[in-house]
$ cat entry09.cif   # mmCIF, C-alpha atoms
data_target
loop_
_atom_site.group_PDB
_atom_site.id
_atom_site.type_symbol
_atom_site.label_atom_id
_atom_site.label_comp_id
_atom_site.auth_asym_id
_atom_site.auth_seq_id
_atom_site.Cartn_x
_atom_site.Cartn_y
_atom_site.Cartn_z
ATOM 1 C CA MET A 218 -77.761 42.367 -6.782
ATOM 2 C CA ILE A 219 -77.799 42.209 -2.990
ATOM 3 C CA GLN A 220 -74.124 41.316 -2.872
ATOM 4 C CA GLY A 221 -73.307 44.263 -5.154
ATOM 5 C CA ILE A 222 -75.178 46.764 -2.984
ATOM 6 C CA LEU A 223 -73.541 45.389 0.150
ATOM 7 C CA ILE A 224 -70.056 45.673 -1.342
ATOM 8 C CA CYS A 225 -70.832 49.233 -2.447
ATOM 9 C CA SER A 226 -71.935 50.183 1.056
ATOM 10 C CA LEU A 227 -68.839 48.557 2.551
ATOM 11 C CA VAL A 228 -66.725 50.725 0.231
ATOM 12 C CA PHE A 229 -68.537 53.865 1.438
ATOM 13 C CA LEU A 230 -68.044 52.750 5.014
ATOM 14 C CA SER A 231 -64.338 52.169 4.557
ATOM 15 C CA PHE A 232 -63.949 55.678 3.155
ATOM 16 C CA ALA A 233 -65.701 56.945 6.293
ATOM 17 C CA ILE A 234 -63.392 54.892 8.525
ATOM 18 C CA PHE A 235 -60.306 56.209 6.708
ATOM 19 C CA ALA A 236 -61.572 59.762 7.222
ATOM 20 C CA THR A 237 -62.004 59.207 10.959
ATOM 21 C CA ILE A 238 -58.533 57.631 11.188
ATOM 22 C CA PHE A 239 -57.122 60.676 9.407
ATOM 23 C CA ARG A 240 -58.791 62.940 11.977
ATOM 24 C CA LEU A 241 -57.620 60.652 14.788
ATOM 25 C CA VAL A 242 -53.994 60.997 13.699
ATOM 26 C CA LYS A 243 -54.047 64.650 12.700
ATOM 27 C CA GLY A 244 -56.543 66.226 15.117
ATOM 28 C CA PRO A 245 -55.002 69.340 16.673
ATOM 29 C CA SER A 246 -56.412 68.899 20.190
ATOM 30 C CA ALA A 247 -57.278 65.967 22.412
ATOM 31 C CA PRO A 248 -61.103 66.340 22.176
ATOM 32 C CA ASP A 249 -60.755 66.090 18.393
ATOM 33 C CA ARG A 250 -59.137 62.693 18.814
ATOM 34 C CA ILE A 251 -61.817 61.537 21.256
ATOM 35 C CA GLN A 252 -64.493 62.606 18.817
ATOM 36 C CA ALA A 253 -62.803 60.699 16.008
ATOM 37 C CA LEU A 254 -62.494 57.627 18.236
ATOM 38 C CA ASP A 255 -66.205 57.763 19.019
ATOM 39 C CA ALA A 256 -67.054 58.019 15.322
ATOM 40 C CA LEU A 257 -64.685 55.137 14.606
ATOM 41 C CA GLY A 258 -66.555 52.925 17.081
ATOM 42 C CA ILE A 259 -69.896 53.815 15.534
ATOM 43 C CA ASN A 260 -68.634 53.124 12.019
ATOM 44 C CA ILE A 261 -67.213 49.779 13.118
ATOM 45 C CA ILE A 262 -70.643 48.867 14.508
ATOM 46 C CA SER A 263 -72.266 49.443 11.143
ATOM 47 C CA GLY A 264 -69.426 47.559 9.448
ATOM 48 C CA VAL A 265 -70.084 44.499 11.604
ATOM 49 C CA ALA A 266 -73.806 44.747 10.832
ATOM 50 C CA ILE A 267 -73.167 44.875 7.070
ATOM 51 C CA PHE A 268 -70.762 41.965 7.285
ATOM 52 C CA SER A 269 -73.279 39.849 9.160
ATOM 53 C CA VAL A 270 -75.825 40.523 6.410
ATOM 54 C CA PHE A 271 -73.159 39.716 3.829
ATOM 55 C CA ILE A 272 -72.464 36.238 5.154
ATOM 56 C CA ARG A 273 -76.039 35.782 6.466
ATOM 57 C CA SER A 274 -74.915 34.880 9.938
ATOM 58 C CA THR A 275 -76.537 35.989 13.182
ATOM 59 C CA GLY A 276 -73.533 35.318 15.377
ATOM 60 C CA PHE A 277 -72.151 38.847 15.358
ATOM 61 C CA PHE A 278 -74.982 40.648 17.111
ATOM 62 C CA GLU A 279 -73.360 40.399 20.526
ATOM 63 C CA VAL A 280 -70.341 42.102 18.986
ATOM 64 C CA ILE A 281 -72.534 45.036 17.935
ATOM 65 C CA LEU A 282 -73.936 45.444 21.428
ATOM 66 C CA LEU A 283 -70.531 45.090 23.097
ATOM 67 C CA ILE A 284 -68.721 47.550 20.819
ATOM 68 C CA GLY A 285 -71.533 50.038 21.377
ATOM 69 C CA ILE A 286 -71.280 49.822 25.163
ATOM 70 C CA LEU A 287 -67.464 49.865 25.268
ATOM 71 C CA SER A 288 -67.187 52.800 22.877
ATOM 72 C CA PHE A 289 -69.667 54.824 24.924
ATOM 73 C CA ILE A 290 -67.914 54.094 28.216
ATOM 74 C CA GLY A 291 -64.523 54.943 26.729
ATOM 75 C CA THR A 292 -65.807 58.227 25.353
ATOM 76 C CA ILE A 293 -67.317 59.219 28.694
ATOM 77 C CA ALA A 294 -64.119 58.327 30.575
ATOM 78 C CA PHE A 295 -61.872 60.268 28.191
ATOM 79 C CA ALA A 296 -64.175 63.282 28.246
ATOM 80 C CA ARG A 297 -64.259 63.358 32.045
ATOM 81 C CA TYR A 298 -60.493 63.038 32.174
ATOM 82 C CA ILE A 299 -60.072 65.993 29.823
ATOM 83 C CA GLU A 300 -62.617 68.103 31.635
ATOM 84 C CA ARG A 301 -61.611 67.566 35.251
ATOM 85 C CA GLY A 302 -58.368 65.614 35.341
ATOM 86 C CA VAL A 303 -59.912 62.601 37.082
ATOM 87 C CA VAL A 304 -62.126 59.813 35.790
ATOM 88 C CA ILE A 305 -63.880 58.725 38.989
ATOM 89 C CA GLU A 306 -64.772 61.408 41.496
ATOM 90 C CA ARG A 307 -64.839 60.486 45.132
ATOM 91 C CA ASN A 308 -67.175 62.351 47.452
ATOM 92 C CA ASN A 309 -65.061 62.884 50.533
ATOM 93 C CA SER A 310 -66.021 66.443 51.414
ATOM 94 C CA GLU A 311 -66.754 67.095 55.069
ATOM 95 C CA MET B 975 -100.441 45.631 -12.183
ATOM 96 C CA SER B 976 -97.736 46.609 -9.831
ATOM 97 C CA VAL B 977 -94.025 46.061 -9.724
ATOM 98 C CA ILE B 978 -93.130 43.528 -7.079
ATOM 99 C CA ILE B 979 -90.037 44.568 -5.184
ATOM 100 C CA PRO B 980 -88.462 41.760 -3.184
ATOM 101 C CA SER B 981 -88.532 42.884 0.414
ATOM 102 C CA GLU B 982 -84.922 41.945 1.077
ATOM 103 C CA HIS B 983 -83.960 44.674 -1.374
ATOM 104 C CA ILE B 984 -85.657 47.258 0.831
ATOM 105 C CA ALA B 985 -83.509 46.209 3.789
ATOM 106 C CA VAL B 986 -80.329 46.309 1.720
ATOM 107 C CA LEU B 987 -81.319 49.703 0.339
ATOM 108 C CA LEU B 988 -81.703 50.976 3.926
ATOM 109 C CA ILE B 989 -78.167 49.770 4.606
ATOM 110 C CA LEU B 990 -76.886 51.632 1.539
ATOM 111 C CA ILE B 991 -78.630 54.861 2.634
ATOM 112 C CA GLY B 992 -77.105 54.508 6.097
ATOM 113 C CA THR B 993 -73.582 54.140 4.783
ATOM 114 C CA ILE B 994 -74.061 57.159 2.532
ATOM 115 C CA PHE B 995 -75.039 59.137 5.652
ATOM 116 C CA SER B 996 -71.877 57.906 7.390
ATOM 117 C CA PHE B 997 -69.769 58.834 4.382
ATOM 118 C CA LEU B 998 -71.174 62.381 4.262
ATOM 119 C CA SER B 999 -70.590 62.887 7.967
ATOM 120 C CA ALA B 1000 -66.996 61.707 7.475
ATOM 121 C CA VAL B 1001 -66.574 64.323 4.735
ATOM 122 C CA GLY B 1002 -67.780 66.870 7.280
ATOM 123 C CA LEU B 1003 -65.290 65.472 9.793
ATOM 124 C CA ILE B 1004 -62.425 66.171 7.405
ATOM 125 C CA ARG B 1005 -63.436 69.512 5.972
ATOM 126 C CA LEU B 1006 -64.985 71.575 8.784
ATOM 127 C CA PRO B 1007 -62.689 73.989 10.637
ATOM 128 C CA ASP B 1008 -63.021 73.365 14.387
ATOM 129 C CA ILE B 1009 -64.331 70.792 16.848
ATOM 130 C CA TYR B 1010 -67.724 72.410 17.419
ATOM 131 C CA THR B 1011 -68.717 72.457 13.753
ATOM 132 C CA ARG B 1012 -67.289 68.969 13.298
ATOM 133 C CA SER B 1013 -69.449 67.767 16.151
ATOM 134 C CA HIS B 1014 -72.428 69.279 14.355
ATOM 135 C CA ALA B 1015 -71.667 67.157 11.297
ATOM 136 C CA LEU B 1016 -70.644 64.067 13.187
ATOM 137 C CA SER B 1017 -73.172 63.483 15.937
ATOM 138 C CA LYS B 1018 -76.193 63.930 13.682
ATOM 139 C CA GLY B 1019 -74.961 62.308 10.485
ATOM 140 C CA SER B 1020 -73.179 59.390 12.079
ATOM 141 C CA THR B 1021 -76.050 58.545 14.431
ATOM 142 C CA MET B 1022 -78.491 58.620 11.532
ATOM 143 C CA GLY B 1023 -76.177 56.458 9.437
ATOM 144 C CA VAL B 1024 -75.650 53.751 12.021
ATOM 145 C CA LEU B 1025 -79.347 53.775 12.827
ATOM 146 C CA PHE B 1026 -80.328 53.222 9.188
ATOM 147 C CA THR B 1027 -77.748 50.468 8.856
ATOM 148 C CA LEU B 1028 -78.830 48.621 11.992
ATOM 149 C CA VAL B 1029 -82.524 48.935 11.141
ATOM 150 C CA GLY B 1030 -81.760 47.552 7.683
ATOM 151 C CA THR B 1031 -79.940 44.602 9.204
ATOM 152 C CA PHE B 1032 -82.763 44.028 11.663
ATOM 153 C CA LEU B 1033 -85.312 44.092 8.845
ATOM 154 C CA PHE B 1034 -83.234 41.721 6.733
ATOM 155 C CA PHE B 1035 -83.114 39.085 9.444
ATOM 156 C CA VAL B 1036 -86.752 39.619 10.444
ATOM 157 C CA LEU B 1037 -87.767 38.943 6.838
ATOM 158 C CA GLU B 1038 -85.725 35.760 6.988
ATOM 159 C CA GLY B 1039 -87.719 34.772 10.061
ATOM 160 C CA PHE B 1040 -85.222 35.524 12.816
ATOM 161 C CA PHE B 1041 -86.113 38.142 15.433
ATOM 162 C CA SER B 1042 -82.984 39.104 17.337
ATOM 163 C CA ILE B 1043 -83.558 40.818 20.663
ATOM 164 C CA ARG B 1044 -79.825 41.495 20.976
ATOM 165 C CA LEU B 1045 -79.766 43.508 17.771
ATOM 166 C CA PHE B 1046 -82.844 45.380 18.931
ATOM 167 C CA LEU B 1047 -81.081 46.212 22.197
ATOM 168 C CA GLY B 1048 -78.049 47.351 20.200
ATOM 169 C CA ILE B 1049 -80.199 49.712 18.110
ATOM 170 C CA PHE B 1050 -81.826 51.118 21.232
ATOM 171 C CA PHE B 1051 -78.520 51.593 23.039
ATOM 172 C CA VAL B 1052 -76.739 53.257 20.120
ATOM 173 C CA PHE B 1053 -79.674 55.556 19.517
ATOM 174 C CA LEU B 1054 -79.653 56.498 23.202
ATOM 175 C CA THR B 1055 -75.926 57.020 23.694
ATOM 176 C CA ALA B 1056 -74.489 58.513 20.501
ATOM 177 C CA PRO B 1057 -75.971 62.025 20.952
ATOM 178 C CA VAL B 1058 -75.049 61.997 24.647
ATOM 179 C CA ALA B 1059 -71.450 61.191 23.763
ATOM 180 C CA GLY B 1060 -71.351 64.047 21.255
ATOM 181 C CA HIS B 1061 -72.691 66.496 23.832
ATOM 182 C CA ILE B 1062 -70.216 65.402 26.500
ATOM 183 C CA ILE B 1063 -67.212 65.623 24.164
ATOM 184 C CA VAL B 1064 -68.118 69.156 23.122
ATOM 185 C CA ARG B 1065 -68.689 70.210 26.731
ATOM 186 C CA ALA B 1066 -65.270 68.855 27.726
ATOM 187 C CA ALA B 1067 -63.709 70.627 24.749
ATOM 188 C CA TYR B 1068 -65.265 73.958 25.673
ATOM 189 C CA ARG B 1069 -64.281 73.705 29.315
ATOM 190 C CA SER B 1070 -60.703 72.781 28.442
ATOM 191 C CA ASN B 1071 -60.468 75.969 26.334
ATOM 192 C CA VAL B 1072 -60.272 74.549 22.830
ATOM 193 C CA PRO B 1073 -60.395 77.660 20.609
ATOM 194 C CA LEU B 1074 -63.216 78.363 18.187
ATOM 195 C CA ALA B 1075 -62.545 78.742 14.469
ATOM 196 C CA LYS B 1076 -61.531 82.147 13.172
ATOM 197 C CA GLU B 1077 -64.759 82.447 11.200
ATOM 198 C CA SER B 1078 -66.936 82.187 14.321
ATOM 199 C CA VAL B 1079 -69.176 85.175 14.881
ATOM 200 C CA GLN B 1080 -70.162 85.036 18.530
ATOM 201 C CA ASP B 1081 -69.602 83.004 21.684
ATOM 202 C CA ASP B 1082 -72.555 83.198 24.037
ATOM 203 C CA LEU B 1083 -71.149 80.802 26.634
ATOM 204 C CA LYS B 1084 -68.079 82.942 27.262
ATOM 205 C CA ASP B 1085 -69.707 85.190 29.888
ATOM 206 C CA VAL B 1086 -71.392 82.383 31.803
ATOM 207 C CA ILE B 1087 -68.491 79.922 31.913
ATOM 208 C CA GLY B 1088 -65.918 82.649 32.600
ATOM 209 C CA LEU B 1089 -67.982 83.921 35.552
ATOM 210 C CA ALA B 1090 -68.385 80.415 36.964
ATOM 211 C CA LYS B 1091 -64.636 79.783 36.734
ATOM 212 C CA GLU B 1092 -63.920 83.084 38.499
ATOM 213 C CA ASN B 1093 -66.322 82.193 41.311
ATOM 214 C CA SER B 1094 -64.855 78.747 41.823
ATOM 215 C CA ARG B 1095 -61.348 80.219 41.913
ATOM 216 C CA ASN B 1096 -62.466 82.668 44.629
ATOM 217 C CA ASP B 1097 -63.945 79.780 46.606
ATOM 218 C CA MET B 1098 -60.691 77.878 46.297
ATOM 219 C CA GLU B 1099 -58.731 80.845 47.621
ATOM 220 C CA LYS B 1100 -61.035 81.231 50.615
ATOM 221 C CA ASN B 1101 -61.172 77.565 51.509
ATOM 222 C CA PRO B 1102 -58.499 75.539 49.719
ATOM 223 C CA TYR B 1103 -59.256 72.286 51.525
ATOM 224 C CA LYS B 1104 -62.848 72.124 50.359
ATOM 225 C CA LEU B 1105 -62.092 69.796 47.468
#
$ encode --input "entry09.cif" --output "structure tokens"
Amino acid sequence: MIQGILICSLVFLSFAIFATIFRLVKGPSAPDRIQALDALGINIISGVAIFSVFIRSTGFFEVILLIGILSFIGTIAFARYIERGVVIERNNSE
Amino acid sequence: MSVIIPSEHIAVLLILIGTIFSFLSAVGLIRLPDIYTRSHALSKGSTMGVLFTLVGTFLFFVLEGFFSIRLFLGIFFVFLTAPVAGHIIVRAAYRSNVPLAKESVQDDLKDVIGLAKENSRNDMEKNPYKL
């Protein structure tokens, strides 16, 4: 029963990941691709969580935290690059 | 006389609901016309989906007698950062002049952002070494 529900939710999740990969490849502009990359990171987080329930192991929780942090930092860096052309702004005025 | 539901099934059901949320937001990601409407589908639906999934996982392992502070931190962090990331992507898209869909009715930010760009260009012409 539990295994069946988990496999069903993994199937849903892989459809979602395929949809975000489709948008990542096709997306007409660069912000579209960043948005798809962000969604891909979030979906991978829930995939890791489901897999750790599936094999009843608690060893993957650091992976969840790390993918969350790295995906957020990557999104912020890409968005700043698109908006202003630089990632890190230096304050050297006057 | 009540039906006894094993509590692990509640956690697994939460996980199933979360993945259905993710799936629906991915359908929105494919079908909607431009980046602003896609962000509307994505940042809400995907955040809700991952939150349901992580809470289900957390509940599953709590019911097995294992309280994981790392997973709790992960839930907190994802819940905090996913809407912020959506907002920042859409702001970058608007400021880098990504066009709206043809079906859009009005664009309220056009006056404000256009005026601000004009002002900054005038400042640059007066004092080009300010940056």
$ interface_residues --input "entry09.cif" --of "chain A" --to "chain B" --cutoff "7 Å" --atoms "all atoms listed in the file" --output "list in words"
Ile219, Ile222, Ser226, Phe229, Leu230, Phe232, Ala233, Ala236, Thr237, Arg240, Pro248, Asp249, Gln252, Ile259, Ser263, Ala266, Val270, Phe278, Glu279, Ile281, Leu282, Gly285, Phe289, Thr292, Ile293, Ala296, Ile299, Glu300 and Ser310 of chain A
$ closest_residue --input "entry09.cif" --among "A:Gly244, A:Phe268, A:Ile284, A:Leu257" --to "B:Leu1006" --atoms "only C-alpha atoms"
A:Gly244
$ atom_distance --input "entry09.cif" --atom1 "atom CA of A:Leu241" --atom2 "atom CA of A:Ala256"
9.8 Å
$ closest_residue --input "entry09.cif" --among "A:Ser246, A:Thr275, A:Gly291, A:Leu227" --to "A:Gly258" --atoms "all atoms listed in the file"
A:Gly291
$ atom_distance --input "entry09.cif" --atom1 "atom CA of A:Ile224" --atom2 "atom CA of B:Gly1039"
23.7 Å
$ atom_distance --input "entry09.cif" --atom1 "atom CA of A:Val265" --atom2 "atom CA of A:Leu287"
14.9 Å
$ build_atoms --input "entry09.cif" --residues "stretch 998-1029 of chain B" --atoms "N, CA and C atoms" --output "compact mmCIF listing (two decimals), in the frame of the given file"
# COMPACT_ATOMS: atom_id res chain seq x y z
N LEU B 998 -71.05 60.92 4.29
CA LEU B 998 -71.17 62.38 4.26
C LEU B 998 -70.73 63.00 5.58
N SER B 999 -71.05 62.32 6.70
CA SER B 999 -70.59 62.89 7.97
C SER B 999 -69.08 62.79 8.10
N ALA B 1000 -68.46 61.78 7.44
CA ALA B 1000 -67.00 61.71 7.48
C ALA B 1000 -66.38 62.81 6.63
N VAL B 1001 -67.04 63.18 5.52
CA VAL B 1001 -66.57 64.32 4.74
C VAL B 1001 -66.62 65.59 5.58
N GLY B 1002 -67.70 65.74 6.36
CA GLY B 1002 -67.78 66.87 7.28
C GLY B 1002 -66.68 66.82 8.32
N LEU B 1003 -66.35 65.62 8.78
CA LEU B 1003 -65.29 65.47 9.79
C LEU B 1003 -63.94 65.92 9.25
N ILE B 1004 -63.71 65.73 7.96
CA ILE B 1004 -62.42 66.17 7.40
C ILE B 1004 -62.44 67.66 7.12
N ARG B 1005 -63.52 68.18 6.56
CA ARG B 1005 -63.44 69.51 5.97
C ARG B 1005 -63.76 70.66 6.91
N LEU B 1006 -64.54 70.43 7.97
CA LEU B 1006 -64.98 71.58 8.78
C LEU B 1006 -63.86 72.09 9.68
N PRO B 1007 -63.88 73.38 10.06
CA PRO B 1007 -62.69 73.99 10.64
C PRO B 1007 -62.39 73.65 12.09
N ASP B 1008 -63.38 73.61 12.98
CA ASP B 1008 -63.02 73.36 14.39
C ASP B 1008 -63.92 72.29 14.99
N ILE B 1009 -63.69 71.98 16.27
CA ILE B 1009 -64.33 70.79 16.85
C ILE B 1009 -65.83 70.97 16.99
N TYR B 1010 -66.29 72.21 17.19
CA TYR B 1010 -67.72 72.41 17.42
C TYR B 1010 -68.51 72.17 16.14
N THR B 1011 -68.02 72.70 15.02
CA THR B 1011 -68.72 72.46 13.75
C THR B 1011 -68.59 71.00 13.32
N ARG B 1012 -67.43 70.39 13.63
CA ARG B 1012 -67.29 68.97 13.30
C ARG B 1012 -68.25 68.12 14.09
N SER B 1013 -68.48 68.52 15.35
CA SER B 1013 -69.45 67.77 16.15
C SER B 1013 -70.84 67.90 15.56
N HIS B 1014 -71.14 69.07 15.01
CA HIS B 1014 -72.43 69.28 14.36
C HIS B 1014 -72.60 68.29 13.21
N ALA B 1015 -71.55 68.11 12.41
CA ALA B 1015 -71.67 67.16 11.30
C ALA B 1015 -71.72 65.73 11.82
N LEU B 1016 -70.90 65.45 12.83
CA LEU B 1016 -70.64 64.07 13.19
C LEU B 1016 -71.77 63.45 13.99
N SER B 1017 -72.25 64.17 15.03
CA SER B 1017 -73.17 63.48 15.94
C SER B 1017 -74.51 63.25 15.27
N LYS B 1018 -74.92 64.16 14.38
CA LYS B 1018 -76.19 63.93 13.68
C LYS B 1018 -76.04 62.90 12.57
N GLY B 1019 -75.07 63.17 11.66
CA GLY B 1019 -74.96 62.31 10.48
C GLY B 1019 -74.58 60.88 10.82
N SER B 1020 -73.66 60.73 11.78
CA SER B 1020 -73.18 59.39 12.08
C SER B 1020 -74.23 58.58 12.82
N THR B 1021 -74.97 59.24 13.74
CA THR B 1021 -76.05 58.54 14.43
C THR B 1021 -77.12 58.08 13.46
N MET B 1022 -77.48 58.97 12.53
CA MET B 1022 -78.49 58.62 11.53
C MET B 1022 -77.99 57.46 10.66
N GLY B 1023 -76.72 57.51 10.30
CA GLY B 1023 -76.18 56.46 9.44
C GLY B 1023 -76.18 55.11 10.11
N VAL B 1024 -75.71 55.05 11.35
CA VAL B 1024 -75.65 53.75 12.02
C VAL B 1024 -77.06 53.26 12.34
N LEU B 1025 -77.98 54.19 12.56
CA LEU B 1025 -79.35 53.78 12.83
C LEU B 1025 -79.99 53.16 11.59
N PHE B 1026 -79.79 53.79 10.43
CA PHE B 1026 -80.33 53.22 9.19
C PHE B 1026 -79.72 51.84 8.92
N THR B 1027 -78.40 51.74 9.14
CA THR B 1027 -77.75 50.47 8.86
C THR B 1027 -78.26 49.36 9.76
N LEU B 1028 -78.39 49.66 11.06
CA LEU B 1028 -78.83 48.62 11.99
C LEU B 1028 -80.29 48.26 11.77
N VAL B 1029 -81.12 49.25 11.42
CA VAL B 1029 -82.52 48.94 11.14
C VAL B 1029 -82.64 48.09 9.88
